[in-house]
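Since the structure comes first, as structure tokens, the remarks are kept for the end.
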Amino acid sequence: MAQSEEYVFRRVEDQPELERLRMIERVFDPASRRRLLGTGLQEGWRCLEIGPGAGSIMTWMSELVGPTGQVLAVDLDPKFLGGTVRANVTVMQGDVRTAELPERSFDLVHARYVLIHIPDYGRALNRMLACLKPGGWLVLEEPDFSASRGITGSAEQLAAVGKVNHAIKVMYDKLGMDYALGQKLEALLLARGLQSVTMGKDGPSSPGGSDMATIMKMSTVQLREKYLATGVVTNEDLDRYCRFAENQESSAVYYATIAVTGRKAS
Ligand SMILES: C[S@@+](CC[C@H](N)C(=O)[O-])C[C@H]1O[C@@H](n2cnc3c(N)ncnc32)[C@H](O)[C@@H]1O
């Protein structure tokens with residue numbers, strides 16, 4: 001499989017994908033911003049945003065660093081960034097593993113929900129570290145789908161939630177990706193000698209109809225064929241999962257987000 005074809009959302013329809021990415025931003029940007037500000041992010045910094053998606057963190061960083069700072073955003077497919085680019089932002093189309101990126105140049109490198117889509121994530125991580133200045137900060141946020149479980153709902157719907165979670169695991173396994181990658185982040189940073197490493201985990205229980213439930217329903221609609229191809233779910237299971245995600249009486253931990261911050265040695 002060509003590297004650019006590995007990304008599971010690569011061939012989904014644009015409009016629902018943009019809506020899904022915007023909903024991810026609405027739910028997860030506040031915590032990401034707090035983590036990024038915790039590094040000391042300020043005017044004049046040079047930032048590298050890997051896999052910006054719909055671009056809200058890229059744009060927010062560019063406002064924060066101002067005209068004396070810079071943001072470089074690198075995405076396999078930057079199709080949703082057209083209208084959002086400001087004077088201090090450069091958007092590059094490329095794969096983080098192979099793109100020609102300036103080394104020892106950035107005060108801050110950030111990626112959210114990107115490494116989980118890369119089988120050789122260690123290679124991607126090494127490239128990101130090479131781009132950091134000595135003393136620069138790395139912030140990574142990745143899912144842990146093994147944290148997922150249905151909590152309240154009908155027995156049938158809870159069974160469907162378990163089966164869809166299994167399908168998510170099998171899909172990522174088949175692609176050589178780790179559906180629980182978030183769990184490994186801290187060890188990955190420590191093994192590479194990062195300093196001041198901190199880790200946080202957020203895996204809330206979310207009711208049906210919430211943004212979190214809707215994000216997972218949208219993923220299920222977009223990845224329906226990939227989930228079916230795992231052989232562990234049927235169309236009926238997927239329909240039940242979607243109804244569960246809409247049902248305000250239901251609740252589930254859909255996944256946890258694990259975030260790490262670390263500093264490259266000076
Ligand atoms: C799930 S989206 C997350 C978007 C954004 N970071 C967010 O959290 O809102 C993953 C993004 O990473 C990009 N991506 C996936 N694999 C990549 C790679 N190998 N190199 C660069 N970008 C990649 C995708 O094109 C997509 O924009």
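Please note that chains go A, B, ... in the order of the structure tokens, that every chain numbers its residues from 1, and that ligands are numbered from 1 in the order shown.
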
DSSP strand (DSSP E or B) residues within stretch 115-233 of chain A, as a PDB file with N, CA and C atoms, in the first residue's frame:
```pdb
ATOM      1  N   LEU A 132      12.867  19.963  16.016  1.00  0.00           N
ATOM      2  CA  LEU A 132      12.867  20.828  17.209  1.00  0.00           C
ATOM      3  C   LEU A 132      14.235  21.453  17.438  1.00  0.00           C
ATOM      4  N   LYS A 133      14.234  22.706  17.876  1.00  0.00           N
ATOM      5  CA  LYS A 133      15.468  23.331  18.370  1.00  0.00           C
ATOM      6  C   LYS A 133      15.865  22.634  19.672  1.00  0.00           C
ATOM      7  N   PRO A 134      17.130  22.640  20.048  1.00  0.00           N
ATOM      8  CA  PRO A 134      17.460  22.200  21.403  1.00  0.00           C
ATOM      9  C   PRO A 134      16.635  23.035  22.400  1.00  0.00           C
ATOM     10  N   GLY A 135      16.028  22.376  23.362  1.00  0.00           N
ATOM     11  CA  GLY A 135      15.177  23.091  24.329  1.00  0.00           C
ATOM     12  C   GLY A 135      13.750  23.292  23.847  1.00  0.00           C
ATOM     13  N   GLY A 136      13.450  22.884  22.606  1.00  0.00           N
ATOM     14  CA  GLY A 136      12.092  23.047  22.067  1.00  0.00           C
ATOM     15  C   GLY A 136      11.139  21.998  22.621  1.00  0.00           C
ATOM     16  N   TRP A 137       9.832  22.278  22.481  1.00  0.00           N
ATOM     17  CA  TRP A 137       8.785  21.439  23.098  1.00  0.00           C
ATOM     18  C   TRP A 137       8.042  20.603  22.068  1.00  0.00           C
ATOM     19  N   LEU A 138       7.736  19.365  22.484  1.00  0.00           N
ATOM     20  CA  LEU A 138       6.912  18.475  21.673  1.00  0.00           C
ATOM     21  C   LEU A 138       5.614  18.202  22.432  1.00  0.00           C
ATOM     22  N   VAL A 139       4.475  18.351  21.749  1.00  0.00           N
ATOM     23  CA  VAL A 139       3.176  18.011  22.356  1.00  0.00           C
ATOM     24  C   VAL A 139       2.464  17.041  21.413  1.00  0.00           C
ATOM     25  N   LEU A 140       2.159  15.857  21.938  1.00  0.00           N
ATOM     26  CA  LEU A 140       1.467  14.830  21.152  1.00  0.00           C
ATOM     27  C   LEU A 140       0.175  14.442  21.846  1.00  0.00           C
ATOM     28  N   GLU A 141      -0.886  14.264  21.070  1.00  0.00           N
ATOM     29  CA  GLU A 141      -2.185  13.843  21.623  1.00  0.00           C
ATOM     30  C   GLU A 141      -2.714  12.740  20.708  1.00  0.00           C
ATOM     31  N   GLU A 142      -2.890  11.549  21.273  1.00  0.00           N
ATOM     32  CA  GLU A 142      -3.328  10.420  20.445  1.00  0.00           C
ATOM     33  C   GLU A 142      -4.407   9.631  21.176  1.00  0.00           C
ATOM     34  N   PRO A 143      -5.273   8.947  20.410  1.00  0.00           N
ATOM     35  CA  PRO A 143      -6.334   8.171  21.048  1.00  0.00           C
ATOM     36  C   PRO A 143      -5.846   6.854  21.641  1.00  0.00           C
ATOM     37  N   ASP A 144      -6.642   6.374  22.577  1.00  0.00           N
ATOM     38  CA  ASP A 144      -6.515   5.004  23.073  1.00  0.00           C
ATOM     39  C   ASP A 144      -7.907   4.393  22.952  1.00  0.00           C
ATOM     40  N   ARG A 149     -15.841   1.688  25.987  1.00  0.00           N
ATOM     41  CA  ARG A 149     -16.868   0.719  26.423  1.00  0.00           C
ATOM     42  C   ARG A 149     -18.230   1.401  26.538  1.00  0.00           C
ATOM     43  N   GLY A 150     -19.243   0.652  26.157  1.00  0.00           N
ATOM     44  CA  GLY A 150     -20.606   1.133  26.347  1.00  0.00           C
ATOM     45  C   GLY A 150     -20.946   1.080  27.820  1.00  0.00           C
ATOM     46  N   ILE A 151     -21.699   2.072  28.310  1.00  0.00           N
ATOM     47  CA  ILE A 151     -22.019   2.096  29.745  1.00  0.00           C
ATOM     48  C   ILE A 151     -23.519   1.888  29.977  1.00  0.00           C
ATOM     49  N   THR A 152     -24.357   2.740  29.384  1.00  0.00           N
ATOM     50  CA  THR A 152     -25.801   2.531  29.527  1.00  0.00           C
ATOM     51  C   THR A 152     -26.442   2.465  28.143  1.00  0.00           C
ATOM     52  N   GLN A 195      12.974  15.577  28.034  1.00  0.00           N
ATOM     53  CA  GLN A 195      13.009  15.993  29.436  1.00  0.00           C
ATOM     54  C   GLN A 195      11.661  16.600  29.833  1.00  0.00           C
ATOM     55  N   SER A 196      11.458  16.747  31.142  1.00  0.00           N
ATOM     56  CA  SER A 196      10.223  17.350  31.684  1.00  0.00           C
ATOM     57  C   SER A 196       8.977  16.721  31.077  1.00  0.00           C
ATOM     58  N   VAL A 197       8.987  15.390  30.927  1.00  0.00           N
ATOM     59  CA  VAL A 197       7.862  14.709  30.267  1.00  0.00           C
ATOM     60  C   VAL A 197       6.660  14.646  31.220  1.00  0.00           C
ATOM     61  N   THR A 198       5.506  15.091  30.712  1.00  0.00           N
ATOM     62  CA  THR A 198       4.263  14.956  31.486  1.00  0.00           C
ATOM     63  C   THR A 198       3.235  14.234  30.625  1.00  0.00           C
ATOM     64  N   MET A 199       2.299  13.556  31.293  1.00  0.00           N
ATOM     65  CA  MET A 199       1.287  12.782  30.569  1.00  0.00           C
ATOM     66  C   MET A 199      -0.081  13.037  31.194  1.00  0.00           C
ATOM     67  N   GLY A 200      -1.108  13.140  30.369  1.00  0.00           N
ATOM     68  CA  GLY A 200      -2.475  13.288  30.880  1.00  0.00           C
ATOM     69  C   GLY A 200      -3.418  12.421  30.060  1.00  0.00           C
ATOM     70  N   LYS A 201      -4.481  11.957  30.723  1.00  0.00           N
ATOM     71  CA  LYS A 201      -5.423  11.076  30.025  1.00  0.00           C
ATOM     72  C   LYS A 201      -6.839  11.585  30.259  1.00  0.00           C
ATOM     73  N   ASP A 202      -7.611  11.626  29.186  1.00  0.00           N
ATOM     74  CA  ASP A 202      -8.972  12.125  29.288  1.00  0.00           C
ATOM     75  C   ASP A 202      -9.894  11.153  28.544  1.00  0.00           C
ATOM     76  N   SER A 206     -19.650   9.814  27.625  1.00  0.00           N
ATOM     77  CA  SER A 206     -20.411  10.805  26.840  1.00  0.00           C
ATOM     78  C   SER A 206     -21.790  10.261  26.505  1.00  0.00           C
ATOM     79  N   PRO A 207     -22.819  11.113  26.656  1.00  0.00           N
ATOM     80  CA  PRO A 207     -24.167  10.659  26.298  1.00  0.00           C
ATOM     81  C   PRO A 207     -24.371  10.613  24.790  1.00  0.00           C
TER      82      PRO A 207
END
```

Check: Where in stretch 63-243 of chain A does DSSP assign alpha helix (DSSP H), given as a PyMOL selection string?
Finding: chain A and resi 63-65+121-131+155-174+185-191+211-222+224-229+235-243

Check: Near stretch 6-8 of chain A, within 9 Å and counting only C-alpha atoms, which residues show up once chain neighbours fewer than 4 positions away are dropped, as a PyMOL selection string?
Finding: chain A and resi 1-2+12+76+117-119+172+175+223+226

Counting only C-alpha atoms and all ligand atoms, which residues in chain A sit no more than 6 Å from ligand 1? For each one, give the nearest pair of atoms and the distance in Å, sorted by chain then residue number, as JSON lines.
```
{"residue": "A:Tyr7", "atom": "CA", "partner": "ligand 1", "partner_atom_place_in_ligand_line": "15 (C)", "distance": 5.6}
{"residue": "A:Leu21", "atom": "CA", "partner": "ligand 1", "partner_atom_place_in_ligand_line": "9 (O)", "distance": 5.5}
{"residue": "A:Ile24", "atom": "CA", "partner": "ligand 1", "partner_atom_place_in_ligand_line": "9 (O)", "distance": 5.5}
{"residue": "A:Glu25", "atom": "CA", "partner": "ligand 1", "partner_atom_place_in_ligand_line": "9 (O)", "distance": 5.0}
{"residue": "A:Ile50", "atom": "CA", "partner": "ligand 1", "partner_atom_place_in_ligand_line": "22 (N)", "distance": 5.9}
{"residue": "A:Gly51", "atom": "CA", "partner": "ligand 1", "partner_atom_place_in_ligand_line": "12 (O)", "distance": 3.5}
{"residue": "A:Pro52", "atom": "CA", "partner": "ligand 1", "partner_atom_place_in_ligand_line": "6 (N)", "distance": 4.3}
{"residue": "A:Gly53", "atom": "CA", "partner": "ligand 1", "partner_atom_place_in_ligand_line": "27 (O)", "distance": 3.3}
{"residue": "A:Val74", "atom": "CA", "partner": "ligand 1", "partner_atom_place_in_ligand_line": "21 (C)", "distance": 5.8}
{"residue": "A:Asp75", "atom": "CA", "partner": "ligand 1", "partner_atom_place_in_ligand_line": "22 (N)", "distance": 3.7}
{"residue": "A:Leu76", "atom": "CA", "partner": "ligand 1", "partner_atom_place_in_ligand_line": "22 (N)", "distance": 4.2}
{"residue": "A:Asp77", "atom": "CA", "partner": "ligand 1", "partner_atom_place_in_ligand_line": "25 (O)", "distance": 4.9}
{"residue": "A:Gly94", "atom": "CA", "partner": "ligand 1", "partner_atom_place_in_ligand_line": "21 (C)", "distance": 5.8}
{"residue": "A:Asp95", "atom": "CA", "partner": "ligand 1", "partner_atom_place_in_ligand_line": "20 (N)", "distance": 3.5}
{"residue": "A:Val96", "atom": "CA", "partner": "ligand 1", "partner_atom_place_in_ligand_line": "20 (N)", "distance": 4.1}
{"residue": "A:Ala111", "atom": "CA", "partner": "ligand 1", "partner_atom_place_in_ligand_line": "6 (N)", "distance": 5.9}
{"residue": "A:Arg112", "atom": "CA", "partner": "ligand 1", "partner_atom_place_in_ligand_line": "6 (N)", "distance": 4.4}
{"residue": "A:Tyr113", "atom": "CA", "partner": "ligand 1", "partner_atom_place_in_ligand_line": "3 (C)", "distance": 4.9}
{"residue": "A:Val114", "atom": "CA", "partner": "ligand 1", "partner_atom_place_in_ligand_line": "12 (O)", "distance": 4.6}
{"residue": "A:His117", "atom": "CA", "partner": "ligand 1", "partner_atom_place_in_ligand_line": "16 (N)", "distance": 5.6}
{"residue": "A:Ile118", "atom": "CA", "partner": "ligand 1", "partner_atom_place_in_ligand_line": "19 (N)", "distance": 5.9}
```

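Across A:Ala259, A:Val65, A:Leu189, A:Ala213, the tightest approach to A:Val27 is made by A:Ala213 when counting only C-alpha atoms.
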
With the cut-off set at 10 Å and counting only C-alpha atoms, tabulate each residue of stretch 33-120 of chain A with an atom at most that distance from an atom of stretch 260-265 of chain A, showing the nearest atom pair and its distance in Å to one decimal, ordered by chain and increasing number, as JSON lines.
```
{"residue": "A:Arg35", "atom": "CA", "partner": "A:Thr261", "partner_atom": "CA", "distance": 7.8}
{"residue": "A:Leu36", "atom": "CA", "partner": "A:Thr261", "partner_atom": "CA", "distance": 8.6}
{"residue": "A:Gly38", "atom": "CA", "partner": "A:Thr261", "partner_atom": "CA", "distance": 9.0}
{"residue": "A:Thr39", "atom": "CA", "partner": "A:Thr261", "partner_atom": "CA", "distance": 8.0}
{"residue": "A:Asp107", "atom": "CA", "partner": "A:Arg263", "partner_atom": "CA", "distance": 9.7}
{"residue": "A:Leu108", "atom": "CA", "partner": "A:Arg263", "partner_atom": "CA", "distance": 9.2}
{"residue": "A:His110", "atom": "CA", "partner": "A:Thr261", "partner_atom": "CA", "distance": 9.4}
```

N, CA and C atoms of the current selection, written as a compact mmCIF listing (two decimals), in the first residue's frame:
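The file below, result27.txt, is the result:
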```txt
# COMPACT_ATOMS: atom_id res chain seq x y z
N ARG A 35 -2.74 22.75 26.85
CA ARG A 35 -1.46 22.01 26.86
C ARG A 35 -0.38 22.79 26.12
N LEU A 36 -0.76 23.36 25.00
CA LEU A 36 0.22 24.11 24.20
C LEU A 36 0.67 25.37 24.94
N GLY A 38 0.84 25.65 28.04
CA GLY A 38 1.66 25.17 29.16
C GLY A 38 3.14 25.07 28.81
N THR A 39 3.47 25.04 27.53
CA THR A 39 4.90 24.99 27.13
C THR A 39 5.54 26.37 27.17
N ASP A 107 10.42 25.95 17.91
CA ASP A 107 10.28 26.02 19.37
C ASP A 107 9.24 25.01 19.86
N LEU A 108 8.30 24.66 18.96
CA LEU A 108 7.18 23.79 19.36
C LEU A 108 6.75 22.95 18.16
N HIS A 110 3.72 20.07 17.27
CA HIS A 110 2.46 19.50 17.80
C HIS A 110 1.80 18.60 16.77
```

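For the set A:Gln248, A:Thr90, A:Asn165, A:Thr234, the residue with the smallest atom-to-atom gap to A:Asp211 is A:Gln248, counting only C-alpha atoms.
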
Next item on the list: Tell me, in Å to one decimal, how far atom CA of A:Met218 is from atom CA of A:Pro16.
Entry: 7.6 Å
